[in-house]
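Shown next, in structure tokens, is the structure this report addresses.
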Amino acid sequence: MIRAIRGTRDLLPPETALWNFVEAACRDVFRDYNFQEIRTPIFEATELFARGVGEETDIVSKEMYTFEDRGRAESDRGTSLTLRPENTAGVVRAYIEHKMWERPGVTKLFYIGPQFRRERPQKGRYRQFYQIGAEVIGPTTAGSESPARDAEVLEMLATLLDRVGIQNWTLELNSVGCANDRPIFLQALREALKPVVGQMCYDCQRRAETNPLRVLDCKHPEDQPIIEKLPRIADYLDEGCKTHFADVRAILDAVGVPYVINDRLVRGLDYYTRTAFEFTHGALGAQNAILGGGRYDGLSEAIGGPKAPGIGFAIGEDRLVLSLQQQQETDAMVKKPDAYIAPMGAGMNKEAARLARELRHHDLTIELGDETFRLKKSLETAGKLGARFAIIVGENEAASEQFALKDLTKGEQVTVPRNQLAARIQSAR
Ligand code: AMP
């Protein structure tokens with residue numbers, strides 16, 4: 001028995017209807033905000049993530065699916081490839097590779113697709129998971145650095161969650177500073193960590209050396225009292241970052257998007273500067289972040305591109321679907337057949353197929369039976385599938401072009417001419 005790999009899963013109907021609903025709703029919202037779709041490859045050069053996401057992040061240091069290309073060509077051999085653990089680095093790589101800054105205004109892109117991280121699987125955390133994300137990126141002259149961009153992205157997310165039907169979300173907001181004030185904060189953090197780091201978890205001891213900002217991200221309960229006493233980023237922001245953050249908040253206040261400030265929020269990726277955020281949802285338990293994102297003003301340059309400030313986010317689609325399932329009865333989202341066609345007797349599969357083709361042209365959902373089924377079995381099957389009508393196709397019906405149409409919710413049966421069948425079924429929708 002071969003099973004799906006740990007941390008991966010099959011998405012089955014009826015749940016897939018919910019996934020489609022979520023994706024369609026997001027696409028609608030992206031269109032309203034003038035975002036366009038991008039699809040990047042599922043694997044990229046390992047170096048992209050090492051440089052983009054950051055060597056010292058959990059993602060790059062321990063969670064990536066990395067392998068060596070064993071292609072025959074000399075140029076393939078030995079290339080280190082990685083299944084993308086996130087999509088922002090890929091999008092920014094594509095932005096650079098295709099010189100998208102030559103396009104007018106800021107570039108606004110969205111993506112929907114699988115990502116891969118070797119994390120410990122649990123509810124809401126998988127090794128193949130799906131993200132719906134968006135990026136706003138562009139030259140400074142196009143306004144890519146403006147707080148208006150941050151606020152628009154956050155307001156779009158509030159709209160998106162409301163439209164999908166997520167109730168009671170919380171927007172947690174922080175500013176993590178920039179290349180200007182970060183070194184000063186890191187220095188203060190290192191100093192403060194020196195006397196206490198010995199009492200912290202192994203990961204924190206490592207991070208204190210390599211990337212002290214990450215210490216603030218630690219989830220170990222025993223470390224929390226120590227972290228509470230560490231310096232706060234807010235006290236170290238330079239004037240530019242302070243004003244930028246104040247402006248983002250002022251626009252959010254003006255448009256009525258509620259938020260809470262969480263000055264411990266640093267996010268798990270190195271590229272973030274200034275605005276960082278998460279939307280959380282109580283019903284999700286330990287893995288309560290539905291989405292996360294932030295500004296990444298230096299990312300393009302870090303991977304060899306021009307200066308191109310940007311801001312983006314990724315929604316955990318698995319978690320979004322999970323919260324919807326916990327909130328509401330989602331069965332109604334599954335489309336049931338409008339009609340079940342029951343061919344009666346040998347040779348009637350052809351007539352039934354013709355009729356099914358005609359009705360499907362009218363955008364009806366048709367389930368097709370088989371001529372070997374007796375009437376009783378056909379009607380039972382139609383009922384179990386939740387079809388609204390059954391259409392009986394026997395020799396007489398085919399010859400006279402008049403079909404027996406049985407309403408399976410009311411139990412009534414009428415004879416309907418072929419050319420009126422579709423309209424009749426549609427009118428019952
Ligand atoms: P990140 O790319 O780490 O900023 O994460 C953005 C969002 O993706 C998170 O808020 C989660 O909703 C989702 N996410 C990240 N990792 C996983 C995972 N292993 N399984 C499911 N969802 C995830």
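Just remember, in the structure tokens the first chain shown is A, the second B, etc., residues are 1-based per chain, and ligands are 1-based in the order shown.
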Exercise. Taking the chain letters and numbering used in this document, name the residues of range 107-302 of chain A that DSSP puts in strand (DSSP E), as a PyMOL selection string.
Key: chain A and resi 107-116+128-137+169-175+260-261+273-281+289-295
Counting only C-alpha atoms and all ligand atoms, which residues of chain A fall within 8 Å of ligand 1, and what is the closest atom pair for each with its distance in Å at one decimal, ordered by chain and rising number, as a tab-separated table?
residue	atom	partner	partner_atom_place_in_ligand_line	distance
A:Pro85	CA	ligand 1	2 (O)	7.5
A:Glu86	CA	ligand 1	2 (O)	5.4
A:Asn87	CA	ligand 1	2 (O)	7.8
A:Phe116	CA	ligand 1	19 (N)	7.3
A:Arg117	CA	ligand 1	19 (N)	5.9
A:Arg118	CA	ligand 1	19 (N)	7.5
A:Glu119	CA	ligand 1	19 (N)	5.9
A:Arg120	CA	ligand 1	19 (N)	8.0
A:Pro121	CA	ligand 1	19 (N)	7.3
A:Gly124	CA	ligand 1	21 (C)	5.2
A:Arg125	CA	ligand 1	20 (N)	3.4
A:Tyr126	CA	ligand 1	20 (N)	4.0
A:Arg127	CA	ligand 1	19 (N)	5.4
A:Gln128	CA	ligand 1	20 (N)	6.9
A:Phe129	CA	ligand 1	21 (C)	5.0
A:Tyr130	CA	ligand 1	22 (N)	6.8
A:Gln131	CA	ligand 1	8 (O)	6.0
A:Arg267	CA	ligand 1	4 (O)	6.6
A:Gly268	CA	ligand 1	3 (O)	5.9
A:Leu269	CA	ligand 1	4 (O)	6.9
A:Glu278	CA	ligand 1	10 (O)	6.7
A:Phe279	CA	ligand 1	10 (O)	7.5
A:Thr280	CA	ligand 1	10 (O)	7.9
A:Gln287	CA	ligand 1	11 (C)	7.7
A:Asn288	CA	ligand 1	12 (O)	7.6
A:Ala289	CA	ligand 1	10 (O)	4.3
A:Ile290	CA	ligand 1	12 (O)	4.0
A:Leu291	CA	ligand 1	10 (O)	3.5
A:Gly292	CA	ligand 1	6 (C)	4.5
A:Gly293	CA	ligand 1	4 (O)	5.6
A:Phe313	CA	ligand 1	4 (O)	7.0
A:Ala314	CA	ligand 1	6 (C)	4.7
A:Ile315	CA	ligand 1	7 (C)	5.0
A:Gly316	CA	ligand 1	12 (O)	3.3
A:Glu317	CA	ligand 1	12 (O)	6.8
A:Asp318	CA	ligand 1	21 (C)	5.9
A:Arg319	CA	ligand 1	12 (O)	5.7
A:Leu320	CA	ligand 1	12 (O)	7.5
Quiz item: Could you name the residues that touch Ile261 in chain A at 10 Å or less, counting only C-alpha atoms, but leaving out those on the same chain fewer than 6 positions away, as a ChimeraX atom specification?
Solution: /A:171-175,249,277
Output all heavy atoms for every residue in the selection just made, as a short mmCIF file (atom, residue, chain, number, x, y, z; two decimals), in the first residue's frame.
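Contents of the output file result39.cif:
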data_model
loop_
_atom_site.label_atom_id
_atom_site.label_comp_id
_atom_site.auth_asym_id
_atom_site.auth_seq_id
_atom_site.Cartn_x
_atom_site.Cartn_y
_atom_site.Cartn_z
N LEU A 171 -5.92 41.90 12.87
CA LEU A 171 -4.72 42.34 12.14
C LEU A 171 -3.67 42.79 13.15
O LEU A 171 -3.91 43.71 13.93
CB LEU A 171 -5.09 43.50 11.19
CG LEU A 171 -3.94 44.36 10.66
CD1 LEU A 171 -2.86 43.55 9.96
CD2 LEU A 171 -4.48 45.44 9.70
N GLU A 172 -2.55 42.07 13.18
CA GLU A 172 -1.44 42.45 14.06
C GLU A 172 -0.37 43.14 13.23
O GLU A 172 0.04 42.63 12.19
CB GLU A 172 -0.85 41.21 14.74
CG GLU A 172 -1.85 40.51 15.62
CD GLU A 172 -1.25 39.40 16.46
OE1 GLU A 172 -0.01 39.40 16.63
OE2 GLU A 172 -2.01 38.54 16.91
N LEU A 173 0.04 44.31 13.71
CA LEU A 173 0.87 45.19 12.89
C LEU A 173 2.13 45.61 13.64
O LEU A 173 2.08 45.83 14.85
CB LEU A 173 0.01 46.42 12.58
CG LEU A 173 0.39 47.37 11.46
CD1 LEU A 173 0.45 46.64 10.13
CD2 LEU A 173 -0.64 48.50 11.38
N ASN A 174 3.22 45.71 12.91
CA ASN A 174 4.45 46.21 13.52
C ASN A 174 5.30 46.89 12.46
O ASN A 174 5.05 46.73 11.26
CB ASN A 174 5.24 45.04 14.15
CG ASN A 174 6.33 45.50 15.09
OD1 ASN A 174 6.32 46.64 15.56
ND2 ASN A 174 7.28 44.63 15.36
N SER A 175 6.30 47.64 12.90
CA SER A 175 7.32 48.10 11.96
C SER A 175 8.64 47.52 12.43
O SER A 175 8.99 47.64 13.60
CB SER A 175 7.40 49.63 11.93
OG SER A 175 8.50 50.00 11.10
N ARG A 249 -0.70 53.75 9.58
CA ARG A 249 -1.76 53.63 10.59
C ARG A 249 -2.84 54.68 10.37
O ARG A 249 -4.03 54.40 10.52
CB ARG A 249 -1.16 53.74 11.99
CG ARG A 249 -0.23 52.57 12.30
CD ARG A 249 0.19 52.52 13.77
NE ARG A 249 0.44 53.80 14.39
CZ ARG A 249 1.64 54.30 14.72
NH1 ARG A 249 2.73 53.60 14.46
NH2 ARG A 249 1.75 55.46 15.30
N PHE A 277 3.22 42.33 9.17
CA PHE A 277 1.86 42.09 9.70
C PHE A 277 1.46 40.64 9.61
O PHE A 277 2.05 39.85 8.87
CB PHE A 277 0.85 42.96 8.94
CG PHE A 277 0.83 42.73 7.45
CD1 PHE A 277 0.07 41.71 6.88
CD2 PHE A 277 1.60 43.53 6.60
CE1 PHE A 277 0.08 41.51 5.50
CE2 PHE A 277 1.61 43.32 5.23
CZ PHE A 277 0.85 42.30 4.68
#
Quiz prompt | Residue set, range 318-426 of chain A restricted to helix (DSSP H, G or I), as a ChimeraX atom specification | solution = /A:318-327,331-333,349-361,375-384,395-400,418-426
Quiz prompt | For Asp223 in chain A: contacts at 8 Å, only C-alpha atoms, fewer than 4 positions along chain excluded, given as a list in words | solution = Met200, Cys201, Cys218, Lys219 and Ile227 of chain A
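Residue nearest Val92 in chain A, chosen from A:Tyr33, A:Phe245, A:Tyr259, A:Phe49 and counting only C-alpha atoms: A:Phe49.
The gap separating CA of Asp370 in chain A from CA of Gly345 in chain A is 8.8 Å, in Å to one decimal.
Within 8 Å of Arg429 in chain A, once only C-alpha atoms are used and residues closer than 3 positions along the same chain are dropped, the contacting residues are Asp338, Ile425 and Gln426 of chain A.
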Using N, CA, C and O atoms, can you export the residues from the last selection as a short mmCIF file (atom, residue, chain, number, x, y, z; two decimals), in the first residue's frame?
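out32.cif, written as the output of this step:
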data_model
loop_
_atom_site.label_atom_id
_atom_site.label_comp_id
_atom_site.auth_asym_id
_atom_site.auth_seq_id
_atom_site.Cartn_x
_atom_site.Cartn_y
_atom_site.Cartn_z
N ASP A 338 -27.90 18.83 -12.03
CA ASP A 338 -29.25 19.31 -12.33
C ASP A 338 -30.13 18.14 -12.75
O ASP A 338 -31.30 18.09 -12.43
N ILE A 425 -35.62 22.58 -16.87
CA ILE A 425 -34.71 22.25 -15.76
C ILE A 425 -34.11 23.53 -15.17
O ILE A 425 -34.04 23.71 -13.96
N GLN A 426 -33.75 24.46 -16.07
CA GLN A 426 -33.17 25.72 -15.60
C GLN A 426 -34.15 26.50 -14.72
O GLN A 426 -33.76 27.10 -13.74
#
Quiz item: Near range 385-391 of chain A, counting only C-alpha atoms, which residues have an atom at most 7 Å away, once you skip same-chain residues fewer than 5 positions from it, shown as a ChimeraX atom specification?
Solution: /A:336-342,379,403-409
